[in-house]
>>> print(open('work06.pdb').read())   # PDB, C-alpha atoms
ATOM      1  CA  MET A 272      29.407  28.727 -16.073  1.00  0.00           C
ATOM      2  CA  THR A 273      32.374  30.608 -17.457  1.00  0.00           C
ATOM      3  CA  ALA A 274      33.790  33.841 -16.131  1.00  0.00           C
ATOM      4  CA  GLY A 275      31.729  36.745 -17.379  1.00  0.00           C
ATOM      5  CA  ASP A 276      28.553  34.711 -17.904  1.00  0.00           C
ATOM      6  CA  GLY A 277      25.637  35.658 -15.692  1.00  0.00           C
ATOM      7  CA  ASP A 278      23.436  33.007 -14.144  1.00  0.00           C
ATOM      8  CA  ARG A 279      20.129  32.427 -15.823  1.00  0.00           C
ATOM      9  CA  PRO A 280      16.870  33.187 -14.035  1.00  0.00           C
ATOM     10  CA  GLY A 281      16.033  30.683 -11.342  1.00  0.00           C
ATOM     11  CA  SER A 282      19.534  29.252 -11.056  1.00  0.00           C
ATOM     12  CA  PRO A 283      21.101  29.277  -7.612  1.00  0.00           C
ATOM     13  CA  GLY A 284      24.425  30.907  -8.560  1.00  0.00           C
ATOM     14  CA  GLN A 285      27.865  29.486  -7.949  1.00  0.00           C
ATOM     15  CA  PRO A 286      29.003  28.222  -4.565  1.00  0.00           C
ATOM     16  CA  VAL A 287      31.147  30.728  -2.701  1.00  0.00           C
ATOM     17  CA  SER A 288      34.731  29.777  -1.914  1.00  0.00           C
ATOM     18  CA  GLN A 289      36.887  31.285   0.792  1.00  0.00           C
ATOM     19  CA  GLU A 290      38.912  32.869  -2.027  1.00  0.00           C
ATOM     20  CA  ASP A 291      35.700  34.555  -3.278  1.00  0.00           C
ATOM     21  CA  LEU A 292      34.857  35.818   0.209  1.00  0.00           C
ATOM     22  CA  ASP A 293      38.381  37.190   0.631  1.00  0.00           C
ATOM     23  CA  ALA A 294      38.263  38.883  -2.796  1.00  0.00           C
ATOM     24  CA  VAL A 295      34.896  40.514  -2.134  1.00  0.00           C
ATOM     25  CA  SER A 296      35.954  41.591   1.354  1.00  0.00           C
ATOM     26  CA  ALA A 297      38.942  43.296  -0.296  1.00  0.00           C
ATOM     27  CA  GLN A 298      36.639  44.887  -2.906  1.00  0.00           C
ATOM     28  CA  LEU A 299      34.336  46.249  -0.202  1.00  0.00           C
ATOM     29  CA  GLY A 300      37.014  47.089   2.343  1.00  0.00           C
ATOM     30  CA  ARG A 301      35.117  45.163   5.027  1.00  0.00           C
ATOM     31  CA  PRO A 302      34.064  41.581   5.776  1.00  0.00           C
ATOM     32  CA  VAL A 303      31.141  40.358   3.687  1.00  0.00           C
ATOM     33  CA  ARG A 304      27.903  39.278   5.342  1.00  0.00           C
ATOM     34  CA  ALA A 305      25.061  36.913   4.501  1.00  0.00           C
ATOM     35  CA  VAL A 306      26.566  35.736   1.194  1.00  0.00           C
ATOM     36  CA  ARG A 307      24.669  32.891  -0.416  1.00  0.00           C
ATOM     37  CA  ALA A 308      26.308  32.570  -3.851  1.00  0.00           C
ATOM     38  CA  VAL A 309      28.352  34.273  -6.543  1.00  0.00           C
ATOM     39  CA  ALA A 310      25.687  35.450  -8.983  1.00  0.00           C
ATOM     40  CA  HIS A 311      28.060  36.824 -11.654  1.00  0.00           C
ATOM     41  CA  ARG A 312      31.777  37.090 -12.375  1.00  0.00           C
ATOM     42  CA  CYS A 313      33.607  39.558 -14.587  1.00  0.00           C
ATOM     43  CA  SER A 314      36.169  38.467 -17.160  1.00  0.00           C
ATOM     44  CA  CYS A 315      38.924  38.489 -14.541  1.00  0.00           C
ATOM     45  CA  ALA A 316      37.058  35.595 -12.845  1.00  0.00           C
ATOM     46  CA  GLN A 317      36.456  37.612  -9.676  1.00  0.00           C
ATOM     47  CA  PRO A 318      32.939  37.953  -8.283  1.00  0.00           C
ATOM     48  CA  ASP A 319      31.223  41.201  -9.239  1.00  0.00           C
ATOM     49  CA  VAL A 320      27.704  40.317  -8.060  1.00  0.00           C
ATOM     50  CA  LEU A 321      26.791  38.322  -4.973  1.00  0.00           C
ATOM     51  CA  GLN A 322      23.477  36.768  -4.083  1.00  0.00           C
ATOM     52  CA  THR A 323      22.752  37.518  -0.438  1.00  0.00           C
ATOM     53  CA  GLU A 324      20.438  36.070   2.170  1.00  0.00           C
ATOM     54  CA  PRO A 325      17.252  38.035   2.901  1.00  0.00           C
ATOM     55  CA  GLN A 326      18.382  38.438   6.531  1.00  0.00           C
ATOM     56  CA  LEU A 327      21.767  39.298   7.981  1.00  0.00           C
ATOM     57  CA  PRO A 328      23.190  36.927  10.602  1.00  0.00           C
ATOM     58  CA  ASP A 329      21.941  39.231  13.381  1.00  0.00           C
ATOM     59  CA  GLY A 330      18.368  38.970  12.044  1.00  0.00           C
ATOM     60  CA  THR A 331      18.290  42.371  10.327  1.00  0.00           C
ATOM     61  CA  PRO A 332      16.189  42.208   7.132  1.00  0.00           C
ATOM     62  CA  PHE A 333      18.305  42.711   3.994  1.00  0.00           C
ATOM     63  CA  PRO A 334      16.185  43.357   0.878  1.00  0.00           C
ATOM     64  CA  THR A 335      19.105  43.558  -1.579  1.00  0.00           C
ATOM     65  CA  LEU A 336      19.179  40.085  -3.152  1.00  0.00           C
ATOM     66  CA  TYR A 337      21.892  40.925  -5.699  1.00  0.00           C
ATOM     67  CA  TYR A 338      24.767  43.040  -4.445  1.00  0.00           C
ATOM     68  CA  LEU A 339      27.234  44.631  -6.875  1.00  0.00           C
ATOM     69  CA  THR A 340      30.725  44.415  -5.355  1.00  0.00           C
ATOM     70  CA  CYS A 341      33.327  45.322  -7.981  1.00  0.00           C
ATOM     71  CA  PRO A 342      34.730  48.798  -7.260  1.00  0.00           C
ATOM     72  CA  ARG A 343      35.250  49.486 -10.976  1.00  0.00           C
ATOM     73  CA  ALA A 344      31.649  48.573 -11.756  1.00  0.00           C
ATOM     74  CA  THR A 345      30.255  50.602  -8.864  1.00  0.00           C
ATOM     75  CA  SER A 346      32.341  53.590  -9.906  1.00  0.00           C
ATOM     76  CA  ALA A 347      31.176  53.380 -13.528  1.00  0.00           C
ATOM     77  CA  ILE A 348      27.553  53.103 -12.451  1.00  0.00           C
ATOM     78  CA  GLY A 349      27.994  55.979 -10.018  1.00  0.00           C
ATOM     79  CA  THR A 350      29.093  58.062 -12.998  1.00  0.00           C
ATOM     80  CA  LEU A 351      25.860  57.162 -14.809  1.00  0.00           C
ATOM     81  CA  GLU A 352      23.874  58.253 -11.772  1.00  0.00           C
ATOM     82  CA  ALA A 353      25.799  61.531 -11.613  1.00  0.00           C
ATOM     83  CA  ASP A 354      25.171  62.044 -15.339  1.00  0.00           C
ATOM     84  CA  GLY A 355      21.407  62.054 -14.704  1.00  0.00           C
ATOM     85  CA  VAL A 356      20.626  58.650 -16.217  1.00  0.00           C
ATOM     86  CA  MET A 357      18.313  57.732 -13.315  1.00  0.00           C
ATOM     87  CA  ARG A 358      16.275  60.895 -13.769  1.00  0.00           C
ATOM     88  CA  GLU A 359      15.887  60.199 -17.507  1.00  0.00           C
ATOM     89  CA  MET A 360      14.849  56.603 -16.784  1.00  0.00           C
ATOM     90  CA  ALA A 361      12.354  57.739 -14.136  1.00  0.00           C
ATOM     91  CA  ASP A 362      10.791  60.204 -16.580  1.00  0.00           C
ATOM     92  CA  ARG A 363      10.400  57.473 -19.205  1.00  0.00           C
ATOM     93  CA  LEU A 364       9.084  55.036 -16.602  1.00  0.00           C
ATOM     94  CA  ALA A 365       6.314  57.494 -15.727  1.00  0.00           C
ATOM     95  CA  ALA A 366       5.399  58.089 -19.382  1.00  0.00           C
ATOM     96  CA  ASP A 367       5.782  54.620 -20.941  1.00  0.00           C
ATOM     97  CA  PRO A 368       3.278  51.962 -19.819  1.00  0.00           C
ATOM     98  CA  GLU A 369       5.163  49.186 -21.636  1.00  0.00           C
ATOM     99  CA  LEU A 370       8.412  50.048 -19.837  1.00  0.00           C
ATOM    100  CA  ALA A 371       6.528  50.320 -16.541  1.00  0.00           C
ATOM    101  CA  GLY A 372       5.042  46.863 -17.095  1.00  0.00           C
ATOM    102  CA  ALA A 373       8.434  45.322 -17.844  1.00  0.00           C
ATOM    103  CA  TYR A 374       9.938  47.023 -14.794  1.00  0.00           C
ATOM    104  CA  ARG A 375       7.079  45.749 -12.614  1.00  0.00           C
ATOM    105  CA  ALA A 376       7.750  42.236 -13.968  1.00  0.00           C
ATOM    106  CA  ALA A 377      11.431  42.658 -12.960  1.00  0.00           C
ATOM    107  CA  HIS A 378      10.254  43.641  -9.471  1.00  0.00           C
ATOM    108  CA  GLU A 379       8.037  40.553  -9.265  1.00  0.00           C
ATOM    109  CA  ALA A 380      10.875  38.299 -10.460  1.00  0.00           C
ATOM    110  CA  TYR A 381      13.202  39.814  -7.847  1.00  0.00           C
ATOM    111  CA  LEU A 382      10.667  39.213  -5.080  1.00  0.00           C
ATOM    112  CA  ALA A 383      10.020  35.628  -6.205  1.00  0.00           C
ATOM    113  CA  GLU A 384      13.736  34.811  -6.299  1.00  0.00           C
ATOM    114  CA  ARG A 385      14.310  36.276  -2.843  1.00  0.00           C
ATOM    115  CA  GLU A 386      11.257  34.555  -1.394  1.00  0.00           C
ATOM    116  CA  GLN A 387      12.714  31.200  -2.514  1.00  0.00           C
ATOM    117  CA  LEU A 388      15.571  31.840  -0.076  1.00  0.00           C
ATOM    118  CA  GLY A 389      13.240  32.457   2.847  1.00  0.00           C
ATOM    119  CA  HIS A 390      10.334  34.628   3.885  1.00  0.00           C
ATOM    120  CA  VAL A 391      11.142  37.778   5.874  1.00  0.00           C
ATOM    121  CA  GLU A 392       7.948  39.589   6.816  1.00  0.00           C
ATOM    122  CA  HIS A 393       9.626  43.004   7.251  1.00  0.00           C
ATOM    123  CA  ILE A 394      10.650  43.114   3.589  1.00  0.00           C
ATOM    124  CA  ALA A 395       7.781  41.168   1.994  1.00  0.00           C
ATOM    125  CA  GLY A 396       6.733  43.008  -1.162  1.00  0.00           C
ATOM    126  CA  ILE A 397       9.776  45.297  -1.084  1.00  0.00           C
ATOM    127  CA  SER A 398      12.418  44.716  -3.728  1.00  0.00           C
ATOM    128  CA  ALA A 399      15.311  47.108  -4.286  1.00  0.00           C
ATOM    129  CA  GLY A 400      16.597  49.859  -6.528  1.00  0.00           C
ATOM    130  CA  GLY A 401      13.271  51.681  -6.465  1.00  0.00           C
ATOM    131  CA  MET A 402      11.341  48.908  -8.209  1.00  0.00           C
ATOM    132  CA  PRO A 403       8.544  48.840  -9.212  1.00  0.00           C
ATOM    133  CA  ASP A 404       7.685  52.547  -9.416  1.00  0.00           C
ATOM    134  CA  ARG A 405      10.931  54.503  -9.089  1.00  0.00           C
ATOM    135  CA  VAL A 406      14.539  54.412 -10.230  1.00  0.00           C
ATOM    136  CA  LYS A 407      16.485  54.787  -7.014  1.00  0.00           C
ATOM    137  CA  CYS A 408      19.731  52.818  -7.439  1.00  0.00           C
ATOM    138  CA  LEU A 409      21.290  51.744 -10.734  1.00  0.00           C
ATOM    139  CA  HIS A 410      23.783  49.560  -8.839  1.00  0.00           C
ATOM    140  CA  VAL A 411      20.967  47.244  -7.757  1.00  0.00           C
ATOM    141  CA  LEU A 412      19.333  47.237 -11.192  1.00  0.00           C
ATOM    142  CA  VAL A 413      22.608  46.383 -12.932  1.00  0.00           C
ATOM    143  CA  ALA A 414      23.367  43.668 -10.367  1.00  0.00           C
ATOM    144  CA  HIS A 415      19.924  42.188 -11.047  1.00  0.00           C
ATOM    145  CA  SER A 416      20.528  42.259 -14.802  1.00  0.00           C
ATOM    146  CA  LEU A 417      23.927  40.619 -14.481  1.00  0.00           C
ATOM    147  CA  ALA A 418      22.596  37.889 -12.183  1.00  0.00           C
ATOM    148  CA  ALA A 419      19.333  37.178 -14.008  1.00  0.00           C
ATOM    149  CA  GLY A 420      20.598  37.658 -17.556  1.00  0.00           C
ATOM    150  CA  PRO A 421      19.348  39.935 -20.331  1.00  0.00           C
ATOM    151  CA  GLY A 422      15.643  40.589 -20.694  1.00  0.00           C
ATOM    152  CA  VAL A 423      14.647  40.439 -17.021  1.00  0.00           C
ATOM    153  CA  ASN A 424      15.329  43.986 -15.786  1.00  0.00           C
ATOM    154  CA  PRO A 425      14.897  46.505 -18.603  1.00  0.00           C
ATOM    155  CA  LEU A 426      16.527  49.440 -16.818  1.00  0.00           C
ATOM    156  CA  GLY A 427      19.451  47.357 -15.569  1.00  0.00           C
ATOM    157  CA  ASP A 428      19.922  46.120 -19.135  1.00  0.00           C
ATOM    158  CA  GLU A 429      19.743  49.707 -20.402  1.00  0.00           C
ATOM    159  CA  ALA A 430      22.400  50.873 -17.933  1.00  0.00           C
ATOM    160  CA  LEU A 431      24.656  48.004 -19.027  1.00  0.00           C
ATOM    161  CA  GLY A 432      24.089  49.084 -22.636  1.00  0.00           C
ATOM    162  CA  ILE A 433      25.100  52.668 -21.868  1.00  0.00           C
ATOM    163  CA  LEU A 434      28.241  51.410 -20.139  1.00  0.00           C
ATOM    164  CA  ALA A 435      29.008  49.149 -23.125  1.00  0.00           C
ATOM    165  CA  GLU A 436      28.772  52.170 -25.435  1.00  0.00           C
ATOM    166  CA  ARG A 437      31.505  53.687 -23.255  1.00  0.00           C
ATOM    167  CA  GLY A 438      33.631  50.519 -23.494  1.00  0.00           C
ATOM    168  CA  ILE A 439      32.896  49.459 -19.917  1.00  0.00           C
ATOM    169  CA  THR A 440      31.649  45.867 -19.570  1.00  0.00           C
ATOM    170  CA  PRO A 441      32.256  42.854 -17.346  1.00  0.00           C
ATOM    171  CA  GLY A 442      33.986  41.333 -20.384  1.00  0.00           C
ATOM    172  CA  SER A 443      36.488  44.221 -20.367  1.00  0.00           C
ATOM    173  CA  ALA A 444      37.139  43.805 -16.616  1.00  0.00           C
ATOM    174  CA  TRP A 445      34.875  46.840 -16.204  1.00  0.00           C
ATOM    175  CA  GLY A 446      37.214  48.958 -18.333  1.00  0.00           C
ATOM    176  CA  GLY A 447      40.409  48.083 -16.462  1.00  0.00           C
ATOM    177  CA  THR A 448      43.176  45.527 -16.267  1.00  0.00           C
ATOM    178  CA  PRO A 449      41.904  41.979 -15.601  1.00  0.00           C
ATOM    179  CA  GLY A 450      42.323  41.098 -11.939  1.00  0.00           C
ATOM    180  CA  GLY A 451      42.864  44.671 -10.813  1.00  0.00           C
ATOM    181  CA  CYS A 452      39.349  44.983  -9.449  1.00  0.00           C
ATOM    182  CA  VAL A 453      40.475  43.362  -6.203  1.00  0.00           C
ATOM    183  CA  PRO A 454      42.768  45.666  -4.217  1.00  0.00           C
ATOM    184  CA  GLY A 455      46.233  44.156  -3.821  1.00  0.00           C
ATOM    185  CA  THR A 456      46.094  42.132  -7.053  1.00  0.00           C
ATOM    186  CA  PRO A 457      47.763  43.004 -10.346  1.00  0.00           C
TER     187      PRO A 457
END
>>> encode(input="work06.pdb", output="structure tokens")
Amino acid sequence: MTAGDGDRPGSPGQPVSQEDLDAVSAQLGRPVRAVRAVAHRCSCAQPDVLQTEPQLPDGTPFPTLYYLTCPRATSAIGTLEADGVMREMADRLAADPELAGAYRAAHEAYLAEREQLGHVEHIAGISAGGMPDRVKCLHVLVAHSLAAGPGVNPLGDEALGILAERGITPGSAWGGTPGGCVPGTP
């Protein structure tokens, strides 16, 4: 897998190195927890999506299978949320049965992938980001799209398309200087 390519559905992601863990800890401003794999990298070769375990080390259930870590990406997606994109998506989700069906399929794929890592009763049937009926967090939906590849999560794909129209993509280091997404790097 090359930098910037997302894993394809069903693939386990890339092994996590200590360098990856250090980079993501710097991105988040805290130590990472329950990391299973790097699910996607931006063009600067740094992780921007992690695959996490369904339970934290202390046993706390953790439903977020794909966790977006790049501060540039999270900022750009936060701007979409502030611009009302989630509300527009939610309105279309309620009115468009085809979109609702594709979004439900994304939810089912998310659950199946997480279940492969281990069953956690407290989160069985619960995905993330509002799936399958709401649009609650674009960060999760975009992370899912980046990890699974195009065509799996329609609203994550749509958010990535809106960002691309604004010139913000993983291939452009999320609209910044390559490598600068990790604090303390050029």
>>> residues_near_point(input="work06.pdb", point="(9.5, 40.8, -20.0)", cutoff="12 Å", atoms="only C-alpha atoms", output="ChimeraX atom specification")
/A:369-380,420-426,428
>>> resolve_selection(input="work06.pdb", expression="the PyMOL selection byres ((chain A and resi 294) around 10)", output="PDB file with C-alpha atoms, in the coordinates of the input")
ATOM      1  CA  SER A 288      34.731  29.777  -1.914  1.00  0.00           C
ATOM      2  CA  GLN A 289      36.887  31.285   0.792  1.00  0.00           C
ATOM      3  CA  GLU A 290      38.912  32.869  -2.027  1.00  0.00           C
ATOM      4  CA  ASP A 291      35.700  34.555  -3.278  1.00  0.00           C
ATOM      5  CA  LEU A 292      34.857  35.818   0.209  1.00  0.00           C
ATOM      6  CA  ASP A 293      38.381  37.190   0.631  1.00  0.00           C
ATOM      7  CA  VAL A 295      34.896  40.514  -2.134  1.00  0.00           C
ATOM      8  CA  SER A 296      35.954  41.591   1.354  1.00  0.00           C
ATOM      9  CA  ALA A 297      38.942  43.296  -0.296  1.00  0.00           C
ATOM     10  CA  GLN A 298      36.639  44.887  -2.906  1.00  0.00           C
ATOM     11  CA  LEU A 299      34.336  46.249  -0.202  1.00  0.00           C
ATOM     12  CA  GLY A 300      37.014  47.089   2.343  1.00  0.00           C
ATOM     13  CA  PRO A 302      34.064  41.581   5.776  1.00  0.00           C
ATOM     14  CA  VAL A 303      31.141  40.358   3.687  1.00  0.00           C
ATOM     15  CA  GLN A 317      36.456  37.612  -9.676  1.00  0.00           C
ATOM     16  CA  PRO A 318      32.939  37.953  -8.283  1.00  0.00           C
ATOM     17  CA  ASP A 319      31.223  41.201  -9.239  1.00  0.00           C
ATOM     18  CA  THR A 340      30.725  44.415  -5.355  1.00  0.00           C
ATOM     19  CA  CYS A 341      33.327  45.322  -7.981  1.00  0.00           C
ATOM     20  CA  CYS A 452      39.349  44.983  -9.449  1.00  0.00           C
ATOM     21  CA  VAL A 453      40.475  43.362  -6.203  1.00  0.00           C
ATOM     22  CA  PRO A 454      42.768  45.666  -4.217  1.00  0.00           C
ATOM     23  CA  GLY A 455      46.233  44.156  -3.821  1.00  0.00           C
ATOM     24  CA  THR A 456      46.094  42.132  -7.053  1.00  0.00           C
TER      25      THR A 456
END
>>> atom_distance(input="work06.pdb", atom1="atom CA of A:Gln285", atom2="atom CA of A:Met402")
25.5 Å
>>> resolve_selection(input="work06.pdb", expression="the PyMOL selection byres ((chain A and resi 382) around 9)", output="JSON, numbers by chain")
{"A": [336, 377, 378, 379, 380, 381, 383, 384, 385, 386, 387, 395, 396, 397, 398]}
>>> closest_atom_pairs(input="work06.pdb", of="stretch 377-409 of chain A", to="stretch 353-363 of chain A", cutoff="9 Å", atoms="only C-alpha atoms", output="CSV")
residue,atom,partner,partner_atom,distance
A:Asp404,CA,A:Ala361,CA,8.4
A:Arg405,CA,A:Ala361,CA,6.2
A:Val406,CA,A:Ala361,CA,5.6
A:Lys407,CA,A:Met357,CA,7.2
A:Cys408,CA,A:Met357,CA,7.8
A:Leu409,CA,A:Met357,CA,7.2
>>> write_last_selection(input="work06.pdb", atoms="C-alpha atoms", output="mmCIF file, in the coordinates of the input")
data_model
loop_
_atom_site.group_PDB
_atom_site.id
_atom_site.type_symbol
_atom_site.label_atom_id
_atom_site.label_comp_id
_atom_site.auth_asym_id
_atom_site.auth_seq_id
_atom_site.Cartn_x
_atom_site.Cartn_y
_atom_site.Cartn_z
ATOM 1 C CA ASP A 404 7.685 52.547 -9.416
ATOM 2 C CA ARG A 405 10.931 54.503 -9.089
ATOM 3 C CA VAL A 406 14.539 54.412 -10.230
ATOM 4 C CA LYS A 407 16.485 54.787 -7.014
ATOM 5 C CA CYS A 408 19.731 52.818 -7.439
ATOM 6 C CA LEU A 409 21.290 51.744 -10.734
#
>>> atom_distance(input="work06.pdb", atom1="atom CA of A:Leu417", atom2="atom CA of A:Asp329")
28.0 Å
>>> decode(input="work06.pdb", residues="stretch 387-419 of chain A", atoms="N, CA and C atoms", output="mmCIF file, in the first residue's frame")
data_model
loop_
_atom_site.group_PDB
_atom_site.id
_atom_site.type_symbol
_atom_site.label_atom_id
_atom_site.label_comp_id
_atom_site.auth_asym_id
_atom_site.auth_seq_id
_atom_site.Cartn_x
_atom_site.Cartn_y
_atom_site.Cartn_z
ATOM 1 N N GLN A 387 -15.319 -8.763 13.533
ATOM 2 C CA GLN A 387 -14.181 -9.633 13.219
ATOM 3 C C GLN A 387 -13.043 -9.460 14.225
ATOM 4 N N LEU A 388 -12.978 -8.304 14.857
ATOM 5 C CA LEU A 388 -11.917 -8.029 15.829
ATOM 6 C C LEU A 388 -12.261 -8.563 17.210
ATOM 7 N N GLY A 389 -13.526 -8.835 17.451
ATOM 8 C CA GLY A 389 -13.955 -9.349 18.738
ATOM 9 C C GLY A 389 -15.347 -8.855 19.080
ATOM 10 N N HIS A 390 -16.100 -9.696 19.735
ATOM 11 C CA HIS A 390 -17.470 -9.349 20.108
ATOM 12 C C HIS A 390 -17.461 -8.619 21.457
ATOM 13 N N VAL A 391 -18.134 -7.471 21.494
ATOM 14 C CA VAL A 391 -18.311 -6.716 22.733
ATOM 15 C C VAL A 391 -19.812 -6.478 22.857
ATOM 16 N N GLU A 392 -20.425 -7.168 23.788
ATOM 17 C CA GLU A 392 -21.884 -7.147 23.924
ATOM 18 C C GLU A 392 -22.441 -5.729 24.086
ATOM 19 N N HIS A 393 -21.759 -4.879 24.838
ATOM 20 C CA HIS A 393 -22.270 -3.528 25.114
ATOM 21 C C HIS A 393 -22.426 -2.661 23.863
ATOM 22 N N ILE A 394 -21.697 -2.988 22.804
ATOM 23 C CA ILE A 394 -21.783 -2.179 21.590
ATOM 24 C C ILE A 394 -22.286 -2.981 20.395
ATOM 25 N N ALA A 395 -22.749 -4.201 20.621
ATOM 26 C CA ALA A 395 -23.284 -5.020 19.533
ATOM 27 C C ALA A 395 -24.439 -4.271 18.861
ATOM 28 N N GLY A 396 -24.369 -4.158 17.548
ATOM 29 C CA GLY A 396 -25.421 -3.478 16.795
ATOM 30 C C GLY A 396 -25.291 -1.971 16.731
ATOM 31 N N ILE A 397 -24.311 -1.424 17.439
ATOM 32 C CA ILE A 397 -24.088 0.030 17.447
ATOM 33 C C ILE A 397 -22.835 0.314 16.626
ATOM 34 N N SER A 398 -22.971 1.125 15.603
ATOM 35 C CA SER A 398 -21.784 1.494 14.828
ATOM 36 C C SER A 398 -21.302 2.845 15.329
ATOM 37 N N ALA A 399 -21.197 3.820 14.464
ATOM 38 C CA ALA A 399 -20.687 5.127 14.875
ATOM 39 C C ALA A 399 -21.140 6.167 13.860
ATOM 40 N N GLY A 400 -20.972 7.419 14.214
ATOM 41 C CA GLY A 400 -21.275 8.505 13.296
ATOM 42 C C GLY A 400 -22.750 8.744 13.056
ATOM 43 N N GLY A 401 -23.611 8.045 13.816
ATOM 44 C CA GLY A 401 -25.040 8.179 13.626
ATOM 45 C C GLY A 401 -25.648 7.084 12.770
ATOM 46 N N MET A 402 -24.797 6.262 12.134
ATOM 47 C CA MET A 402 -25.321 5.199 11.282
ATOM 48 C C MET A 402 -26.208 4.272 12.115
ATOM 49 N N PRO A 403 -27.282 3.741 11.584
ATOM 50 C CA PRO A 403 -27.719 3.819 10.195
ATOM 51 C C PRO A 403 -28.796 4.868 9.912
ATOM 52 N N ASP A 404 -29.285 5.559 10.940
ATOM 53 C CA ASP A 404 -30.447 6.425 10.737
ATOM 54 C C ASP A 404 -30.187 7.918 10.818
ATOM 55 N N ARG A 405 -29.027 8.302 11.361
ATOM 56 C CA ARG A 405 -28.743 9.723 11.570
ATOM 57 C C ARG A 405 -27.370 10.058 11.005
ATOM 58 N N VAL A 406 -27.096 11.334 10.901
ATOM 59 C CA VAL A 406 -25.762 11.824 10.554
ATOM 60 C C VAL A 406 -25.302 12.615 11.763
ATOM 61 N N LYS A 407 -24.438 11.997 12.550
ATOM 62 C CA LYS A 407 -24.054 12.569 13.840
ATOM 63 C C LYS A 407 -22.618 13.073 13.858
ATOM 64 N N CYS A 408 -21.722 12.435 13.081
ATOM 65 C CA CYS A 408 -20.309 12.800 13.123
ATOM 66 C C CYS A 408 -19.653 12.516 11.779
ATOM 67 N N LEU A 409 -19.361 13.574 11.032
ATOM 68 C CA LEU A 409 -18.707 13.400 9.730
ATOM 69 C C LEU A 409 -17.292 12.847 9.874
ATOM 70 N N HIS A 410 -16.633 13.110 11.007
ATOM 71 C CA HIS A 410 -15.279 12.601 11.212
ATOM 72 C C HIS A 410 -15.261 11.080 11.100
ATOM 73 N N VAL A 411 -16.224 10.432 11.732
ATOM 74 C CA VAL A 411 -16.308 8.972 11.696
ATOM 75 C C VAL A 411 -16.644 8.490 10.288
ATOM 76 N N LEU A 412 -17.564 9.164 9.624
ATOM 77 C CA LEU A 412 -17.971 8.740 8.283
ATOM 78 C C LEU A 412 -16.830 8.881 7.287
ATOM 79 N N VAL A 413 -16.072 9.965 7.386
ATOM 80 C CA VAL A 413 -14.912 10.151 6.511
ATOM 81 C C VAL A 413 -13.835 9.120 6.830
ATOM 82 N N ALA A 414 -13.584 8.870 8.102
ATOM 83 C CA ALA A 414 -12.598 7.849 8.481
ATOM 84 C C ALA A 414 -12.992 6.496 7.894
ATOM 85 N N HIS A 415 -14.277 6.164 7.965
ATOM 86 C CA HIS A 415 -14.753 4.902 7.395
ATOM 87 C C HIS A 415 -14.520 4.873 5.889
ATOM 88 N N SER A 416 -14.822 5.953 5.204
ATOM 89 C CA SER A 416 -14.606 6.009 3.759
ATOM 90 C C SER A 416 -13.133 5.874 3.395
ATOM 91 N N LEU A 417 -12.273 6.541 4.130
ATOM 92 C CA LEU A 417 -10.844 6.449 3.844
ATOM 93 C C LEU A 417 -10.323 5.034 4.088
ATOM 94 N N ALA A 418 -10.779 4.392 5.155
ATOM 95 C CA ALA A 418 -10.301 3.053 5.480
ATOM 96 C C ALA A 418 -10.863 1.995 4.536
ATOM 97 N N ALA A 419 -12.152 2.087 4.237
ATOM 98 C CA ALA A 419 -12.815 1.053 3.440
ATOM 99 C C ALA A 419 -12.663 1.268 1.939
#
